[in-house]
Amino acid sequence: MSESTHSVADELKAMAELVLLGMIWGGSFLLMRVAAPEFGPFALVEIRLAFGALVLLPFVYRARKRLAGRWHVLFGIGLINSAVPFLLFAWATAIAPAGISAIANSMTALFAVVFAGLMFGEKIGIRRGFGLISGIVGVIVMVGMPMAGVPVGWAALAATTAAACYGLAGNLVKRHLAGLPPIALGGATLSCSAIVLSPLAIWHWPGQPLTVTVWASAITLGVLCTGIAYAFLFRLLETIGPSRTATVTYLVPLFGVAWAWLVLGEAVTPGMMIAGILILGGVALSQSRRPPPVVPRQA
């Protein structure tokens, strides 16, 4: 095989992997929509954290010496990076269409820019400023407009707050944990969050029997959409770089809305389309030629 043919094959493989990651992360909102009403946020998130951590445990073990002495920081960042946003997304998907959370999740990139400016003095500039305004208007549209006759304001606010947590956590990692293996950090923060949340999960564990579908959705959310997807993300970061990997931000809400429509029959409303265009347009404007300060985020 010639070098040019090999290059084309690698390019097509990378694009396929990028689309697959968007499909997996988009599917997380569908799975939460199925499982959250039955499990409740605390029990569902505990399962997600525990199974995600198990998948990444070998990477944590390999980096255990480098992580030593950092566990107090890992616990704190784990709450902001995993436990709190996962709970907010689980609560939001339990009461509102999955597409709302999928769209709001894209605000992560905009919040990352805001916190990078606050913490590192990075200039926002006119282009990014317009991007932030567009994203904020998109959130306002979601909060203020009923979607398919369902008021979704609180769910939209919860999902947007979760995106803000992701944006903050990425910058905290940059400040306090730079230089450590990112995939091991992911496994460590998931483990820390699972430990902290376990008492609340036990206390709020559902008393009624749960169906196989609900259990399968919860476990898939942890194993595939959290653990495997996280490892998958860092493979892409190594092969195609952070700038191109960040384009998954545009795929996640598209697949999130599409999965909910195909599987659950959730309507794609004009309000969702308007909000999605505003938020994704804001994300596009916020992208600079430099690599983004944080990696893309799942739900």
# chains A, B, ... in the order shown; residues from 1 in each chain; ligands from 1
call {"tool": "residues_around", "arguments": {"residues": "region 23-30 of chain A", "least_positions_apart": "4", "cutoff": "8 Å", "atoms": "only C-alpha atoms", "output": "ChimeraX atom specification"}}
result
/A:19,34,93,98-99,101-102,221,224-225,229,251-257,259-260,298-299
call {"tool": "residues_around", "arguments": {"residues": "Ile202 (chain A)", "least_positions_apart": "2", "cutoff": "12 Å", "atoms": "only C-alpha atoms", "output": "ChimeraX atom specification"}}
result
/A:39-47,194-200,204-207
call {"tool": "closest_residue", "arguments": {"among": "A:Gly52, A:Pro85, A:Gly135, A:Pro182", "to": "Leu67 (chain A)", "atoms": "only C-alpha atoms"}}
result
A:Pro182
call {"tool": "closest_residue", "arguments": {"among": "A:Thr239, A:Thr247, A:Ser191, A:Thr160", "to": "Ala50 (chain A)", "atoms": "only C-alpha atoms"}}
result
A:Ser191
call {"tool": "select_by_dssp", "arguments": {"residues": "region 53-220 of chain A", "states": "alpha helix (DSSP H)", "output": "ChimeraX atom specification"}}
result
/A:53-62,64-67,71-78,84-95,98-104,108-120,125-144,153-176,182-203,212-220
call {"tool": "closest_residue", "arguments": {"among": "A:Leu21, A:Ile124, A:Arg66, A:Thr211", "to": "Gly179 (chain A)", "atoms": "only C-alpha atoms"}}
result
A:Arg66
call {"tool": "residues_around", "arguments": {"residues": "Val223 (chain A)", "least_positions_apart": "6", "cutoff": "8 Å", "atoms": "only C-alpha atoms", "output": "ChimeraX atom specification"}}
result
/A:48,51-52,55
call {"tool": "closest_atom_pairs", "arguments": {"of": "region 169-254 of chain A", "to": "region 111-121 of chain A", "cutoff": "9 Å", "atoms": "only C-alpha atoms", "output": "Markdown table"}}
result
| residue | atom | partner | partner_atom | distance |
| --- | --- | --- | --- | --- |
| A:Ala169 | CA | A:Ala112 | CA | 8.6 |
| A:Gly170 | CA | A:Ala112 | CA | 7.1 |
| A:Asn171 | CA | A:Ala116 | CA | 6.3 |
| A:Leu172 | CA | A:Met119 | CA | 8.7 |
| A:Arg175 | CA | A:Met119 | CA | 8.5 |
call {"tool": "atom_distance", "arguments": {"atom1": "CA of Trp91 (chain A)", "atom2": "CA of Gly153 (chain A)"}}
result
12.7 Å
call {"tool": "closest_residue", "arguments": {"among": "A:Leu262, A:Gly187, A:Gly222, A:Ala284", "to": "Leu57 (chain A)", "atoms": "only C-alpha atoms"}}
result
A:Gly187
call {"tool": "decode", "arguments": {"residues": "region 11-26 of chain A", "atoms": "all heavy atoms", "output": "short mmCIF file (atom, residue, chain, number, x, y, z; two decimals), in the first residue's frame"}}
result
data_model
loop_
_atom_site.label_atom_id
_atom_site.label_comp_id
_atom_site.auth_asym_id
_atom_site.auth_seq_id
_atom_site.Cartn_x
_atom_site.Cartn_y
_atom_site.Cartn_z
N GLU A 11 -7.15 8.49 7.45
CA GLU A 11 -8.08 9.62 7.57
C GLU A 11 -9.52 9.14 7.67
O GLU A 11 -10.29 9.62 8.51
CB GLU A 11 -7.91 10.54 6.36
CG GLU A 11 -8.76 11.80 6.40
CD GLU A 11 -8.25 12.81 7.41
OE1 GLU A 11 -7.10 12.66 7.88
OE2 GLU A 11 -9.02 13.74 7.72
N LEU A 12 -9.89 8.19 6.84
CA LEU A 12 -11.25 7.65 6.87
C LEU A 12 -11.52 6.93 8.18
O LEU A 12 -12.61 7.03 8.74
CB LEU A 12 -11.45 6.69 5.69
CG LEU A 12 -11.49 7.33 4.30
CD1 LEU A 12 -11.55 6.25 3.23
CD2 LEU A 12 -12.67 8.28 4.18
N LYS A 13 -10.52 6.22 8.70
CA LYS A 13 -10.67 5.53 9.97
C LYS A 13 -10.87 6.52 11.10
O LYS A 13 -11.73 6.33 11.97
CB LYS A 13 -9.43 4.66 10.24
CG LYS A 13 -9.52 3.87 11.53
CD LYS A 13 -8.26 3.04 11.74
CE LYS A 13 -8.34 2.28 13.06
NZ LYS A 13 -7.11 1.47 13.29
N ALA A 14 -10.10 7.61 11.09
CA ALA A 14 -10.23 8.62 12.13
C ALA A 14 -11.60 9.28 12.09
O ALA A 14 -12.23 9.52 13.14
CB ALA A 14 -9.12 9.68 11.98
N MET A 15 -12.09 9.57 10.89
CA MET A 15 -13.41 10.18 10.74
C MET A 15 -14.50 9.24 11.24
O MET A 15 -15.45 9.65 11.91
CB MET A 15 -13.66 10.55 9.28
CG MET A 15 -12.80 11.69 8.78
SD MET A 15 -13.05 13.23 9.72
CE MET A 15 -14.77 13.56 9.33
N ALA A 16 -14.36 7.95 10.93
CA ALA A 16 -15.34 6.96 11.39
C ALA A 16 -15.34 6.87 12.91
O ALA A 16 -16.40 6.78 13.55
CB ALA A 16 -15.04 5.60 10.77
N GLU A 17 -14.15 6.91 13.51
CA GLU A 17 -14.05 6.84 14.97
C GLU A 17 -14.65 8.09 15.61
O GLU A 17 -15.29 8.01 16.66
CB GLU A 17 -12.59 6.67 15.38
CG GLU A 17 -12.01 5.32 15.03
CD GLU A 17 -10.55 5.19 15.39
OE1 GLU A 17 -9.94 6.23 15.74
OE2 GLU A 17 -10.01 4.08 15.36
N LEU A 18 -14.47 9.24 14.97
CA LEU A 18 -15.02 10.48 15.50
C LEU A 18 -16.55 10.44 15.48
O LEU A 18 -17.21 10.82 16.45
CB LEU A 18 -14.50 11.66 14.68
CG LEU A 18 -14.71 13.06 15.26
CD1 LEU A 18 -13.92 13.23 16.54
CD2 LEU A 18 -14.29 14.11 14.23
N VAL A 19 -17.11 9.96 14.38
CA VAL A 19 -18.56 9.84 14.27
C VAL A 19 -19.09 8.83 15.28
O VAL A 19 -20.12 9.05 15.93
CB VAL A 19 -18.97 9.43 12.84
CG1 VAL A 19 -20.46 9.11 12.77
CG2 VAL A 19 -18.62 10.54 11.86
N LEU A 20 -18.36 7.72 15.46
CA LEU A 20 -18.77 6.71 16.42
C LEU A 20 -18.79 7.26 17.84
O LEU A 20 -19.71 6.98 18.62
CB LEU A 20 -17.84 5.49 16.34
CG LEU A 20 -18.16 4.33 17.28
CD1 LEU A 20 -19.56 3.81 17.03
CD2 LEU A 20 -17.13 3.21 17.11
N LEU A 21 -17.78 8.07 18.18
CA LEU A 21 -17.75 8.68 19.51
C LEU A 21 -18.95 9.62 19.69
O LEU A 21 -19.58 9.64 20.76
CB LEU A 21 -16.44 9.46 19.71
CG LEU A 21 -16.26 10.13 21.07
CD1 LEU A 21 -16.29 9.09 22.20
CD2 LEU A 21 -14.94 10.90 21.12
N GLY A 22 -19.28 10.39 18.66
CA GLY A 22 -20.45 11.25 18.74
C GLY A 22 -21.73 10.45 18.92
O GLY A 22 -22.62 10.85 19.68
N MET A 23 -21.83 9.30 18.25
CA MET A 23 -22.99 8.43 18.40
C MET A 23 -23.09 7.88 19.81
O MET A 23 -24.18 7.83 20.40
CB MET A 23 -22.91 7.28 17.40
CG MET A 23 -23.04 7.69 15.95
SD MET A 23 -22.82 6.29 14.81
CE MET A 23 -24.26 5.30 15.22
N ILE A 24 -21.95 7.48 20.37
CA ILE A 24 -21.95 6.91 21.73
C ILE A 24 -22.34 7.96 22.75
O ILE A 24 -23.21 7.73 23.60
CB ILE A 24 -20.57 6.31 22.06
CG1 ILE A 24 -20.29 5.08 21.19
CG2 ILE A 24 -20.47 5.95 23.53
CD1 ILE A 24 -18.88 4.55 21.30
N TRP A 25 -21.71 9.11 22.68
CA TRP A 25 -22.04 10.16 23.65
C TRP A 25 -23.44 10.70 23.46
O TRP A 25 -24.14 11.02 24.42
CB TRP A 25 -21.00 11.28 23.56
CG TRP A 25 -19.78 10.97 24.37
CD1 TRP A 25 -19.60 9.93 25.21
CD2 TRP A 25 -18.57 11.73 24.40
NE1 TRP A 25 -18.34 9.99 25.77
CE2 TRP A 25 -17.70 11.08 25.29
CE3 TRP A 25 -18.14 12.89 23.76
CZ2 TRP A 25 -16.42 11.56 25.57
CZ3 TRP A 25 -16.87 13.36 24.03
CH2 TRP A 25 -16.02 12.70 24.93
N GLY A 26 -23.89 10.79 22.20
CA GLY A 26 -25.27 11.18 21.96
C GLY A 26 -26.24 10.18 22.55
O GLY A 26 -27.31 10.54 23.06
#
